[in-house]
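A.B. asks: Quick one: the structure is below, questions incoming.
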Amino acid sequence: FPFLAVSVFLLRSGLLQQEEKEEMKNMNFYVQWNGKEFCQADIVEQIKKQWESMGYTPESLEKLNIYLKPEESRAYFVANDSVQGCVEL
């Protein structure tokens, strides 16, 4: 597949029941492609680090859309519908 889009929403407290939040902590999403493996949790962590290096606070990240390009070993993202970036995988 040439392009995989994964939308990840970082939900603020109160939007989910506590039980649902705990369930989401135990879920992982992996993509295996051409001998490589990409984990959603690792990608999100890299994006969070880049977000902070861009001068934003962790609390200000409310919405995150991730576009995985495994053939480029990159994940592109759009945060809060306006901030764009890319991380190497």
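Lettering and numbering for the structure tokens are positional, with chains as A, B, ... in the shown order, residues counted from 1 in each chain, and ligands counted from 1 in the shown order.
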I want to know what sits within 9 Å of Gly85 in chain A, based on only C-alpha atoms, with residues of the same chain fewer than 2 positions away left out; could you give that as a PyMOL selection string?
C.D. replies: chain A and resi 47+50-51+75-79+83+87
A.B. asks: Store the residues picked out above, limited to N, CA, C and O atoms, as a compact mmCIF listing (two decimals), in the first residue's frame.
C.D. replies:
```txt
# COMPACT_ATOMS: atom_id res chain seq x y z
N ILE A 47 6.42 12.16 17.79
CA ILE A 47 5.71 13.38 17.41
C ILE A 47 5.54 14.30 18.62
O ILE A 47 5.73 15.52 18.51
N GLN A 50 8.76 16.10 19.15
CA GLN A 50 8.93 17.15 18.16
C GLN A 50 8.00 18.32 18.46
O GLN A 50 8.39 19.48 18.32
N TRP A 51 6.79 18.04 18.88
CA TRP A 51 5.81 19.07 19.23
C TRP A 51 6.40 19.99 20.30
O TRP A 51 6.34 21.21 20.18
N ALA A 75 6.72 9.53 9.14
CA ALA A 75 5.34 9.78 9.51
C ALA A 75 5.13 11.28 9.46
O ALA A 75 5.85 12.04 10.10
N TYR A 76 4.18 11.69 8.66
CA TYR A 76 3.81 13.09 8.56
C TYR A 76 2.63 13.31 9.50
O TYR A 76 1.84 12.40 9.74
N PHE A 77 2.52 14.52 10.04
CA PHE A 77 1.41 14.76 10.96
C PHE A 77 0.85 16.16 10.81
O PHE A 77 1.52 17.07 10.33
N VAL A 78 -0.40 16.29 11.21
CA VAL A 78 -1.08 17.57 11.33
C VAL A 78 -1.64 17.61 12.74
O VAL A 78 -2.44 16.75 13.13
N ALA A 79 -1.20 18.58 13.52
CA ALA A 79 -1.64 18.71 14.91
C ALA A 79 -2.61 19.88 15.03
O ALA A 79 -2.38 20.94 14.44
N VAL A 83 -0.91 22.70 12.52
CA VAL A 83 0.54 22.57 12.60
C VAL A 83 0.96 21.29 11.90
O VAL A 83 0.50 20.20 12.24
N VAL A 87 8.34 13.15 11.11
CA VAL A 87 9.37 12.49 11.91
C VAL A 87 9.92 11.30 11.12
O VAL A 87 9.22 10.64 10.40
```
A.B. asks: Using only C-alpha atoms, which residue out of A:Lys49, A:Glu88, A:Gln40, A:Asn28 lies closest to Glu72 in chain A?
C.D. replies: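 Answer, going by the shortest atom-to-atom distance: A:Glu88.
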A.B. asks: Using DSSP on the backbone coordinates, identify all residues within range 25-87 of chain A classified as strand (DSSP E); present the result as a ChimeraX atom specification.
C.D. replies: /A:30-33,36-39,64-69,74-79,83-87
A.B. asks: CA of Lys63 in chain A to CA of Lys36 in chain A: how many Å, to one decimal?
C.D. replies: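 That distance, rounded to one decimal, is 26.9 Å.
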A.B. asks: Using only C-alpha atoms, can you tell me which of A:Lys48, A:Cys39, A:Pro58, A:Leu68 comes closest to Met27 in chain A?
C.D. replies: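 Using only C-alpha atoms, Met27 in chain A sits closest to A:Cys39.
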A.B. asks: Find the distance between CA of Lys69 in chain A and CA of Gly55 in chain A and write it in Å to one decimal.
C.D. replies: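 Value for the CA of Lys69 in chain A-CA of Gly55 in chain A distance: 25.4 Å.
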A.B. asks: Rank nothing, just name the residue among A:Ser53, A:Asn65, A:Glu59, A:Pro70 nearest to Gly35 in chain A, using only C-alpha atoms.
C.D. replies: A:Pro70
